[in-house]
Structure formats: C-alpha cells, structure tokens
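To be precise, the following lines are entry_5.txt, and they hold compact mmCIF, C-alpha atoms and all ligand atoms.
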```
# COMPACT_ATOMS: atom_id res chain seq x y z
CA MET A 16 0.00 0.00 0.00
CA THR A 17 1.36 3.45 -0.88
CA LYS A 18 1.82 5.88 1.99
CA PHE A 19 -0.83 8.53 2.48
CA SER A 20 0.85 11.89 1.89
CA LEU A 21 0.21 15.57 2.56
CA ASP A 22 -0.46 15.91 -1.17
CA ASP A 23 -3.18 13.26 -0.84
CA LEU A 24 -4.65 15.14 2.13
CA ALA A 25 -4.62 18.45 0.21
CA ALA A 26 -6.35 16.76 -2.75
CA LEU A 27 -8.98 15.36 -0.37
CA VAL A 28 -9.57 18.80 1.14
CA ASP A 29 -9.79 20.31 -2.38
CA SER A 30 -12.36 17.68 -3.32
CA ARG A 31 -14.56 18.60 -0.32
CA ALA A 32 -14.46 22.37 -0.89
CA GLY A 33 -17.76 23.48 -2.38
CA THR A 34 -19.64 20.34 -1.33
CA PRO A 35 -22.62 20.77 1.02
CA PRO A 36 -21.50 21.58 4.61
CA GLU A 37 -24.07 19.06 5.91
CA THR A 38 -22.16 16.22 4.27
CA SER A 39 -18.55 17.20 5.00
CA TYR A 40 -16.70 18.52 8.06
CA THR A 41 -14.13 20.09 5.70
CA ALA A 42 -16.84 21.91 3.75
CA LYS A 43 -18.46 23.05 7.01
CA LEU A 44 -15.15 24.39 8.32
CA LEU A 45 -14.40 26.18 5.05
CA SER A 46 -17.90 27.70 4.98
CA GLU A 47 -17.22 29.30 8.37
CA GLY A 48 -14.32 31.37 7.01
CA PRO A 49 -10.52 31.39 7.39
CA ALA A 50 -10.57 32.51 11.04
CA LYS A 51 -12.48 29.40 12.13
CA ALA A 52 -10.00 27.01 10.50
CA ALA A 53 -7.10 29.03 11.96
CA LYS A 54 -8.67 28.85 15.45
CA LYS A 55 -9.04 25.08 15.17
CA LEU A 56 -5.43 24.83 13.97
CA GLY A 57 -4.25 26.74 17.04
CA GLU A 58 -6.30 24.55 19.40
CA GLU A 59 -5.02 21.32 17.83
CA ALA A 60 -1.42 22.59 17.93
CA VAL A 61 -1.72 23.27 21.67
CA GLU A 62 -3.21 19.79 22.21
CA ALA A 63 -0.32 18.24 20.26
CA ALA A 64 2.20 20.20 22.31
CA ILE A 65 0.57 19.05 25.55
CA ALA A 66 0.64 15.42 24.40
CA ALA A 67 4.36 15.80 23.57
CA VAL A 68 5.17 17.36 26.95
CA GLN A 69 3.24 14.59 28.73
CA GLY A 70 5.09 11.92 26.74
CA ASP A 71 1.75 10.54 25.54
CA ARG A 72 2.86 8.95 22.28
CA LYS A 73 -0.59 7.72 21.18
CA ALA A 74 -2.20 11.12 21.82
CA LEU A 75 0.67 12.86 20.03
CA VAL A 76 0.11 10.78 16.89
CA SER A 77 -3.61 11.59 16.96
CA GLU A 78 -3.17 15.30 17.75
CA ALA A 79 -0.40 15.66 15.15
CA ALA A 80 -2.82 14.23 12.56
CA ASP A 81 -5.40 16.83 13.66
CA VAL A 82 -2.77 19.58 13.31
CA LEU A 83 -1.80 18.53 9.78
CA TYR A 84 -5.45 18.23 8.69
CA HIS A 85 -6.39 21.63 10.13
CA LEU A 86 -3.21 23.20 8.68
CA VAL A 87 -4.14 21.95 5.21
CA VAL A 88 -7.70 23.30 5.64
CA THR A 89 -6.31 26.63 6.90
CA LEU A 90 -4.06 26.88 3.84
CA LYS A 91 -7.03 26.10 1.61
CA ALA A 92 -9.16 28.76 3.34
CA ALA A 93 -6.34 31.30 2.87
CA GLY A 94 -5.83 30.39 -0.80
CA VAL A 95 -2.24 29.26 -0.18
CA PRO A 96 -1.27 26.14 -2.17
CA LEU A 97 0.47 23.40 -0.16
CA ASP A 98 3.14 23.44 -2.92
CA ASP A 99 4.15 26.96 -1.82
CA VAL A 100 4.84 25.68 1.69
CA MET A 101 6.77 22.66 0.39
CA SER A 102 8.80 24.94 -1.92
CA GLU A 103 9.67 27.12 1.06
CA LEU A 104 10.78 24.04 3.00
CA GLY A 105 12.78 22.90 -0.02
CA ARG A 106 14.47 26.30 -0.28
CA ARG A 107 15.47 26.06 3.38
CA THR A 108 17.40 22.83 2.82
CA ALA A 109 20.16 25.00 1.31
CA GLN A 110 21.40 25.83 4.81
CA SER A 111 21.08 24.55 8.36
CA GLY A 112 18.56 26.07 10.74
CA LEU A 113 21.40 27.16 13.03
CA ALA A 114 23.17 28.99 10.17
CA GLU A 115 19.89 30.71 9.23
CA LYS A 116 19.33 31.75 12.85
CA ALA A 117 22.87 33.17 13.13
CA ALA A 118 22.49 35.10 9.85
CA ARG A 119 19.20 36.59 11.11
CA ARG A 120 20.89 37.92 14.23
CA HIS A 121 23.31 39.99 12.12
CA THR A 122 20.73 41.68 9.90
N1 LIG B 201 -8.29 14.15 8.67
C1 LIG B 201 -9.40 14.60 8.90
C2 LIG B 201 -9.76 15.12 10.19
N2 LIG B 201 -9.06 15.24 11.33
C3 LIG B 201 -9.91 15.78 12.23
N3 LIG B 201 -11.10 16.00 11.67
C4 LIG B 201 -12.32 16.50 12.31
O1 LIG B 201 -11.98 17.63 13.06
C5 LIG B 201 -12.95 17.81 14.08
C6 LIG B 201 -12.22 18.31 15.29
O2 LIG B 201 -12.84 17.87 16.41
P1 LIG B 201 -13.22 18.82 17.60
O3 LIG B 201 -13.88 17.97 18.60
O4 LIG B 201 -12.01 19.62 18.02
O5 LIG B 201 -14.16 19.86 16.91
P2 LIG B 201 -15.73 19.85 16.85
O6 LIG B 201 -16.23 20.18 18.18
O7 LIG B 201 -16.22 18.57 16.20
O8 LIG B 201 -15.89 21.02 15.79
P3 LIG B 201 -16.16 22.55 16.05
O9 LIG B 201 -17.59 22.64 16.47
O10 LIG B 201 -15.16 23.04 17.06
O11 LIG B 201 -15.90 23.13 14.69
C7 LIG B 201 -13.67 16.48 14.25
O12 LIG B 201 -14.99 16.61 13.80
C8 LIG B 201 -12.87 15.54 13.37
O13 LIG B 201 -13.64 14.55 12.73
C9 LIG B 201 -11.05 15.63 10.40
N4 LIG B 201 -11.99 15.65 9.41
C10 LIG B 201 -11.64 15.18 8.19
N5 LIG B 201 -10.40 14.64 7.91
C11 LIG B 201 -10.08 14.10 6.58
O14 LIG B 201 -10.90 14.73 5.61
C12 LIG B 201 -11.63 13.74 4.90
C13 LIG B 201 -12.93 14.33 4.43
O15 LIG B 201 -13.78 14.53 5.54
P4 LIG B 201 -15.18 15.29 5.32
O16 LIG B 201 -14.83 16.67 4.89
O17 LIG B 201 -15.90 15.25 6.63
O18 LIG B 201 -15.89 14.54 4.26
C14 LIG B 201 -11.79 12.58 5.88
O19 LIG B 201 -12.07 11.36 5.22
C15 LIG B 201 -10.41 12.60 6.51
O20 LIG B 201 -9.48 11.98 5.64
```
Can you give me the file's structure in the form of structure tokens?
Ligand SMILES: N=c1c2ncn([C@@H]3O[C@H](COP(=O)(O)OP(=O)(O)OP(=O)(O)O)[C@@H](O)[C@H]3O)c2ncn1[C@@H]1O[C@H](COP(=O)(O)O)[C@@H](O)[C@H]1O
Amino acid sequence: MTKFSLDDLAALVDSRAGTPPETSYTAKLLSEGPAKAAKKLGEEAVEAAIAAVQGDRKALVSEAADVLYHLVVTLKAAGVPLDDVMSELGRRTAQSGLAEKAARRHT
C-alpha cells in the first residue's frame, strides 16, 4: 500500500471544498471562514504540544494528525497552495537552521 501523503490530504480537502456543509466537516469548516480554521489549527497545535510534553505517544500521533489536517484546511481557506509551503521548506534545505538563525541575528 502506498503511503498517504500531505499531497493526498490536500487533494482530499480540495475535493470537499464546495460540497454541502451538511455532508462534509471540511466543507463546514471552510464555509465558516478562514478565522475558524485558523482557530481550530491553534487549538489542535496546543493539544499536540501538551501530548508531547506529557510523553503521551498515542495522543501525540492523533493530535499531530489533527494539526496537519487543520493546517491543510487553513491553507485552503487562505488560498495558499500546499506546494508553496513545500517549496519554502525545499528552499530552506540550502542551509542549516542554526546557520539561518545566526544570519538573522546579524541583519
Ligand atoms: N483528517 C481529517 C480530520 N481530522 C480531524 N477532523 C475533524 O476535526 C474535528 C475536530 O474535532 P473537535 O472535537 O475539536 O471539533 P468539533 O467540536 O467537532 O468542531 P467545532 O464545532 O469546534 O468546529 C472532528 O470533527 C474531526 O472529525 C477531520 N476531518 C476530516 N479529515 C479528513 O478529511 C476527509 C474528508 O472529511 P469530510 O470533509 O468530513 O468529508 C476525511 O475522510 C479525513 O481523511
């Protein structure tokens, strides 16, 4: 079986946009505007952080999945393609995070 990817998730979210909100949680979330998806993203991120701090591996897996799903919906609501985020991550592979942090301090 091929691994489910973020691209697959983004395609799924795309496919739900514009469907009736009564039949899809994604459509319902999108119909409530970008702030609602962003709020849910923030809540799920806090829950994932708590699970990590508590060392609750099972909860972390579940909350991390919620974070990724709500991030993809938030990007969709904001009209930002997932590819733009992946390109940004790709661009960052040119240098280490520590080198980037040091360069920022001197600008
Ligand atoms: N990955 C997810 C996913 N992760 C979390 N959630 C939903 O996110 C919601 C978050 O739960 P909460 O209890 O925090 O929120 P709530 O109280 O239900 O919602 P609010 O009233 O706060 O908006 C739950 O209803 C979850 O079902 C998701 N809903 C959908 N997906 C994916 O999207 C696909 C399409 O789903 P539909 O859009 O519903 O067809 C699904 O098959 C999944 O692959």
Within 6 Å of ligand LIG 201 (chain B): each chain A residue with its shortest pair, only C-alpha atoms and all ligand atoms, as JSON lines:
```
{"residue": "A:Arg31", "atom": "CA", "partner": "B:LIG201", "partner_atom": "O16", "distance": 5.6}
{"residue": "A:Ser39", "atom": "CA", "partner": "B:LIG201", "partner_atom": "O17", "distance": 3.7}
{"residue": "A:Tyr40", "atom": "CA", "partner": "B:LIG201", "partner_atom": "O17", "distance": 3.7}
{"residue": "A:Thr41", "atom": "CA", "partner": "B:LIG201", "partner_atom": "O16", "distance": 3.6}
{"residue": "A:Ala42", "atom": "CA", "partner": "B:LIG201", "partner_atom": "O16", "distance": 5.7}
{"residue": "A:Asp81", "atom": "CA", "partner": "B:LIG201", "partner_atom": "N2", "distance": 4.6}
{"residue": "A:Tyr84", "atom": "CA", "partner": "B:LIG201", "partner_atom": "N1", "distance": 5.0}
```
Residue contacts of Gly48 of chain A (7 Å, all atoms listed in the file) excluding same-chain residues fewer than 3 positions away, as number ranges by chain: A: 45, 51, 92
Would you mind reading off the distance between atom CA of Glu47 of chain A and atom CA of Leu90 of chain A, one decimal, in Å?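 Distance reported for this atom pair: 14.1 Å.
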Quick check, in Å to one decimal: how far apart do atom CA of Thr108 of chain A and atom CA of Ala64 of chain A lie?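 Calculated distance between atom CA of Thr108 of chain A and atom CA of Ala64 of chain A is 24.9 Å.
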I'd like the interatomic distance between atom CA of Leu56 of chain A and atom CA of Val82 of chain A, to a tenth of an Å. 5.9 Å
In terms of the shortest atom-to-atom distance over all atoms listed in the file, which of A:Ala66, A:Ala80, A:Val88, A:Leu75 is closest to Leu27 of chain A?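 Between A:Ala66, A:Ala80, A:Val88, A:Leu75, the residue approaching Leu27 of chain A most closely is A:Val88.
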Since the input is missing atoms for segment 34-47 of chain A, could you rebuild it with N, CA and C atoms and give the result as an mmCIF file, in the coordinates of the input?
```cif
data_model
loop_
_atom_site.group_PDB
_atom_site.id
_atom_site.type_symbol
_atom_site.label_atom_id
_atom_site.label_comp_id
_atom_site.auth_asym_id
_atom_site.auth_seq_id
_atom_site.Cartn_x
_atom_site.Cartn_y
_atom_site.Cartn_z
ATOM 1 N N THR A 34 -18.578 21.335 -1.526
ATOM 2 C CA THR A 34 -19.640 20.340 -1.330
ATOM 3 C C THR A 34 -20.539 20.839 -0.183
ATOM 4 N N PRO A 35 -21.716 20.269 -0.026
ATOM 5 C CA PRO A 35 -22.620 20.770 1.020
ATOM 6 C C PRO A 35 -22.031 20.579 2.425
ATOM 7 N N PRO A 36 -22.053 21.640 3.243
ATOM 8 C CA PRO A 36 -21.500 21.580 4.610
ATOM 9 C C PRO A 36 -22.158 20.503 5.465
ATOM 10 N N GLU A 37 -23.381 20.103 5.121
ATOM 11 C CA GLU A 37 -24.070 19.060 5.910
ATOM 12 C C GLU A 37 -23.440 17.694 5.689
ATOM 13 N N THR A 38 -22.697 17.543 4.599
ATOM 14 C CA THR A 38 -22.160 16.220 4.270
ATOM 15 C C THR A 38 -20.659 16.108 4.508
ATOM 16 N N SER A 39 -20.006 17.224 4.873
ATOM 17 C CA SER A 39 -18.550 17.200 5.000
ATOM 18 C C SER A 39 -18.072 18.172 6.082
ATOM 19 N N TYR A 40 -17.269 17.649 7.017
ATOM 20 C CA TYR A 40 -16.700 18.520 8.060
ATOM 21 C C TYR A 40 -15.798 19.569 7.411
ATOM 22 N N THR A 41 -15.033 19.163 6.395
ATOM 23 C CA THR A 41 -14.130 20.090 5.700
ATOM 24 C C THR A 41 -14.926 21.234 5.078
ATOM 25 N N ALA A 42 -15.999 20.883 4.393
ATOM 26 C CA ALA A 42 -16.840 21.910 3.750
ATOM 27 C C ALA A 42 -17.449 22.832 4.798
ATOM 28 N N LYS A 43 -17.863 22.252 5.930
ATOM 29 C CA LYS A 43 -18.460 23.050 7.010
ATOM 30 C C LYS A 43 -17.428 24.037 7.549
ATOM 31 N N LEU A 44 -16.223 23.541 7.792
ATOM 32 C CA LEU A 44 -15.150 24.390 8.320
ATOM 33 C C LEU A 44 -14.834 25.521 7.327
ATOM 34 N N LEU A 45 -14.715 25.170 6.067
ATOM 35 C CA LEU A 45 -14.400 26.180 5.050
ATOM 36 C C LEU A 45 -15.518 27.216 4.919
ATOM 37 N N SER A 46 -16.757 26.775 5.122
ATOM 38 C CA SER A 46 -17.900 27.700 4.980
ATOM 39 C C SER A 46 -17.931 28.714 6.120
ATOM 40 N N GLU A 47 -17.216 28.398 7.212
ATOM 41 C CA GLU A 47 -17.220 29.300 8.370
ATOM 42 C C GLU A 47 -16.109 30.347 8.320
#
```
